[in-house]
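Below is one structure, written out as structure tokens; the observations come after it.
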Amino acid sequence: MAKKLKDYYDMKFARDLADKILAVYPAFGEQAFIEHYENNFTDKEFLQRQDVAVDALDKSLSEDYTENIHVFHRILGEELTQTEGMFTDGWWLWPIGRYVEKHGTKNLRVSLDFIKELTKRHTGEFAIRPLLMQFPKETVSEMLTWSVHESVHVRRLSGEGMRIRLPWAKKIYVCLDEFDSYKQILTNLKNDLSKFVQKSVGNNLNDLMKERPEKAMEIIAEWQKNNPTKQTLWIIKHGMRSERKKK
């Protein structure tokens, strides 16, 4: 029987994560972390186990969010060298992203800087959403800068984090409230050579088409005016797949 995703987050995972943190932060309450995780994870599903890990981190780290983020920076490890690996190599970072998702609004700048680094190893698409909700203009402005970043992972996050219907996440409509910037982000990405990014942009359009088709068509019409590249044409086709199924 194939191992379920939740089963990777067992006591070995907890001890390995504790060891990583302790190696760079001697004040870490390793015993409190291990005990809380061991006493609470066994009957939990995947996302619940992430929350148990976050609760354990809350019990064993400093009360200073910024200090804890500095600790997490030091355990991130090397950046991924390809588009694959965020869930196969960086899977153990999921609770760290969940921690930022829970606490990140305590310091916008610190959180944005960390999420940019996290997404180069794992994913920041869930951690960014509370920031988009609480600080929409500032966060979208940062993501606009990310849309032309040299890292393919950062470029992808600039769009992926704003998706209306991101799987495993609550719907958000910041892209409609900040539509001009959102459209510019997708436009900056429409000729990206990475299929990893192209799929994300297409998924954004597909989500938008389901919610506000006239907005999706506004973007597509602008892109079609001036000899769209094969990358843009592929994105448009991918973004209209749900619409085609209706016919």
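Chain labels follow the order of the structure tokens: the first chain is A, the next B, and so on; residue numbering restarts at 1 in every chain, and ligands are counted from 1 in their shown order.
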
Q.
Env of stretch 226-234 of chain A: 8 Å cut, atoms = only C-alpha atoms, seq-sep filter 6 positions within chain, self excluded. Answer as number ranges by chain.
A. A: 190-193, 198

Q: Please give the complete set of residues from stretch 16-184 of chain A that DSSP, run on the backbone, assigns to alpha helix (DSSP H), formatted as a PyMOL selection string.
A: chain A and resi 16-24+30-40+46-60+65-75+94-103+108-118+128-134+136-146+152-160+174-177+179-184

Distance table requested - stretch 80-126 of chain A against stretch 41-49 of chain A, cut-off 10 Å, only C-alpha atoms: one row per qualifying residue with the closest atom pair and its distance in Å to one decimal, ordered by chain and rising residue number, as JSON lines.
```
{"residue": "A:Trp94", "atom": "CA", "partner": "A:Leu47", "partner_atom": "CA", "distance": 9.6}
{"residue": "A:Pro95", "atom": "CA", "partner": "A:Arg49", "partner_atom": "CA", "distance": 8.6}
{"residue": "A:Arg98", "atom": "CA", "partner": "A:Leu47", "partner_atom": "CA", "distance": 9.1}
```

**Q.** Non-local contacts of A:Gly124 (7 Å; only C-alpha atoms; under 5 positions in same chain excluded) as a ChimeraX atom specification
**A.** /A:97,115,118-119,157

Output file for the selection above: N, CA, C and O atoms, as an mmCIF file, in the first residue's frame:
```cif
data_model
loop_
_atom_site.group_PDB
_atom_site.id
_atom_site.type_symbol
_atom_site.label_atom_id
_atom_site.label_comp_id
_atom_site.auth_asym_id
_atom_site.auth_seq_id
_atom_site.Cartn_x
_atom_site.Cartn_y
_atom_site.Cartn_z
ATOM 1 N N GLY A 97 5.983 26.781 6.555
ATOM 2 C CA GLY A 97 5.083 27.627 5.779
ATOM 3 C C GLY A 97 3.754 27.825 6.490
ATOM 4 O O GLY A 97 3.174 28.920 6.462
ATOM 5 N N ILE A 115 9.029 34.401 2.800
ATOM 6 C CA ILE A 115 8.242 33.638 1.833
ATOM 7 C C ILE A 115 8.963 33.556 0.495
ATOM 8 O O ILE A 115 8.941 32.515 -0.180
ATOM 9 N N LEU A 118 11.455 30.885 1.074
ATOM 10 C CA LEU A 118 10.789 29.589 1.266
ATOM 11 C C LEU A 118 10.349 28.986 -0.053
ATOM 12 O O LEU A 118 10.518 27.780 -0.292
ATOM 13 N N THR A 119 9.800 29.809 -0.935
ATOM 14 C CA THR A 119 9.248 29.280 -2.180
ATOM 15 C C THR A 119 10.327 28.743 -3.117
ATOM 16 O O THR A 119 10.024 28.007 -4.052
ATOM 17 N N LEU A 157 5.280 32.079 -7.930
ATOM 18 C CA LEU A 157 4.529 32.473 -6.747
ATOM 19 C C LEU A 157 3.803 33.802 -6.951
ATOM 20 O O LEU A 157 2.721 34.012 -6.401
#
```

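Among A:Leu144, A:Asp207, A:His36, A:Arg121, the residue with the shortest atom-to-atom distance to A:Thr81, counting only C-alpha atoms, is A:Arg121.
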
**Q.** Within 10 Å of A:Leu166 using only C-alpha atoms, minus same-chain residues under 5 positions, as a VMD selection string
**A.** chain A and resid 125 to 126 129 160 to 161 171 to 172 203 to 204 207

Emit the selected residues as an mmCIF file, in the first residue's frame, including N, CA, C and O atoms.
```cif
data_model
loop_
_atom_site.group_PDB
_atom_site.id
_atom_site.type_symbol
_atom_site.label_atom_id
_atom_site.label_comp_id
_atom_site.auth_asym_id
_atom_site.auth_seq_id
_atom_site.Cartn_x
_atom_site.Cartn_y
_atom_site.Cartn_z
ATOM 1 N N GLU A 125 2.748 29.636 -1.509
ATOM 2 C CA GLU A 125 1.450 30.054 -2.025
ATOM 3 C C GLU A 125 0.357 30.113 -0.972
ATOM 4 O O GLU A 125 -0.620 30.860 -1.118
ATOM 5 N N PHE A 126 0.503 29.334 0.103
ATOM 6 C CA PHE A 126 -0.487 29.390 1.185
ATOM 7 C C PHE A 126 -0.121 30.470 2.198
ATOM 8 O O PHE A 126 -0.990 31.199 2.695
ATOM 9 N N ARG A 129 -1.252 34.195 1.408
ATOM 10 C CA ARG A 129 -2.655 34.602 1.277
ATOM 11 C C ARG A 129 -3.169 35.460 2.448
ATOM 12 O O ARG A 129 -3.881 36.448 2.215
ATOM 13 N N GLU A 160 0.663 32.474 -8.665
ATOM 14 C CA GLU A 160 -0.001 31.344 -8.009
ATOM 15 C C GLU A 160 -0.632 31.743 -6.681
ATOM 16 O O GLU A 160 -1.725 31.295 -6.344
ATOM 17 N N GLY A 161 0.054 32.592 -5.921
ATOM 18 C CA GLY A 161 -0.472 32.986 -4.623
ATOM 19 C C GLY A 161 -1.755 33.777 -4.703
ATOM 20 O O GLY A 161 -2.526 33.831 -3.737
ATOM 21 N N LYS A 171 -11.137 30.579 -1.036
ATOM 22 C CA LYS A 171 -11.159 31.540 -2.132
ATOM 23 C C LYS A 171 -10.788 32.933 -1.622
ATOM 24 O O LYS A 171 -11.193 33.331 -0.526
ATOM 25 N N ILE A 172 -10.024 33.651 -2.427
ATOM 26 C CA ILE A 172 -9.794 35.064 -2.157
ATOM 27 C C ILE A 172 -9.985 35.827 -3.463
ATOM 28 O O ILE A 172 -9.789 35.284 -4.554
ATOM 29 N N ASN A 203 -3.791 28.578 -15.018
ATOM 30 C CA ASN A 203 -4.717 28.262 -13.924
ATOM 31 C C ASN A 203 -5.343 29.526 -13.340
ATOM 32 O O ASN A 203 -6.513 29.517 -12.939
ATOM 33 N N ASN A 204 -4.569 30.608 -13.287
ATOM 34 C CA ASN A 204 -5.123 31.888 -12.864
ATOM 35 C C ASN A 204 -6.258 32.320 -13.786
ATOM 36 O O ASN A 204 -7.334 32.729 -13.325
ATOM 37 N N ASP A 207 -9.348 30.110 -13.280
ATOM 38 C CA ASP A 207 -10.086 30.512 -12.080
ATOM 39 C C ASP A 207 -10.889 31.788 -12.340
ATOM 40 O O ASP A 207 -12.060 31.894 -11.966
#
```

Q. Looking at A:Ile236, A:Leu131, A:Ala53, A:Val24, which one is nearest to A:Asp10, with distances taken over only C-alpha atoms?
A. A:Ala53

Q.
Could you check the closest approach to A:Pro130 for each of A:Arg109, A:Thr145, A:Gly104, A:His153 and tell me which residue wins, using only C-alpha atoms?
A. A:Gly104

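Separating atom CA of A:Ile96 from atom CA of A:Leu5 is a distance of 16.6 Å.
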
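Distance annotation: of A:Ala56, A:Leu176, A:Val140, A:Met209, the residue with the minimal separation from A:Tyr99 is A:Ala56; atom set is only C-alpha atoms.
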
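For A:Met240, the residues within 9 Å (counting only C-alpha atoms, excluding itself and residues fewer than 2 positions away along the chain) are Gly202, Leu205, Asn206, Met209, Ile235, Ile236, Lys237, His238, Ser242, Glu243, Arg244 and Lys245 of chain A.
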
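Nearest residue to A:Glu78, choosing from A:Leu112, A:Lys20, A:Lys120, A:Ala221 and counting only C-alpha atoms: A:Lys120.
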
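The two atoms in question, atom CA of A:Thr66 and atom CA of A:Lys116, are spaced 15.4 Å apart.
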
Q: Would you mind listing what lies within 10 Å of A:Leu132 as a PyMOL selection string, with only C-alpha atoms counted and same-chain residues fewer than 5 positions away left out?
A: chain A and resi 105+127+137-140+143+161-162+172-175

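Among the candidates A:Ser194, A:Arg163, A:Lys4, A:Tyr182, the one nearest to A:Glu211 when counting only C-alpha atoms is A:Arg163.
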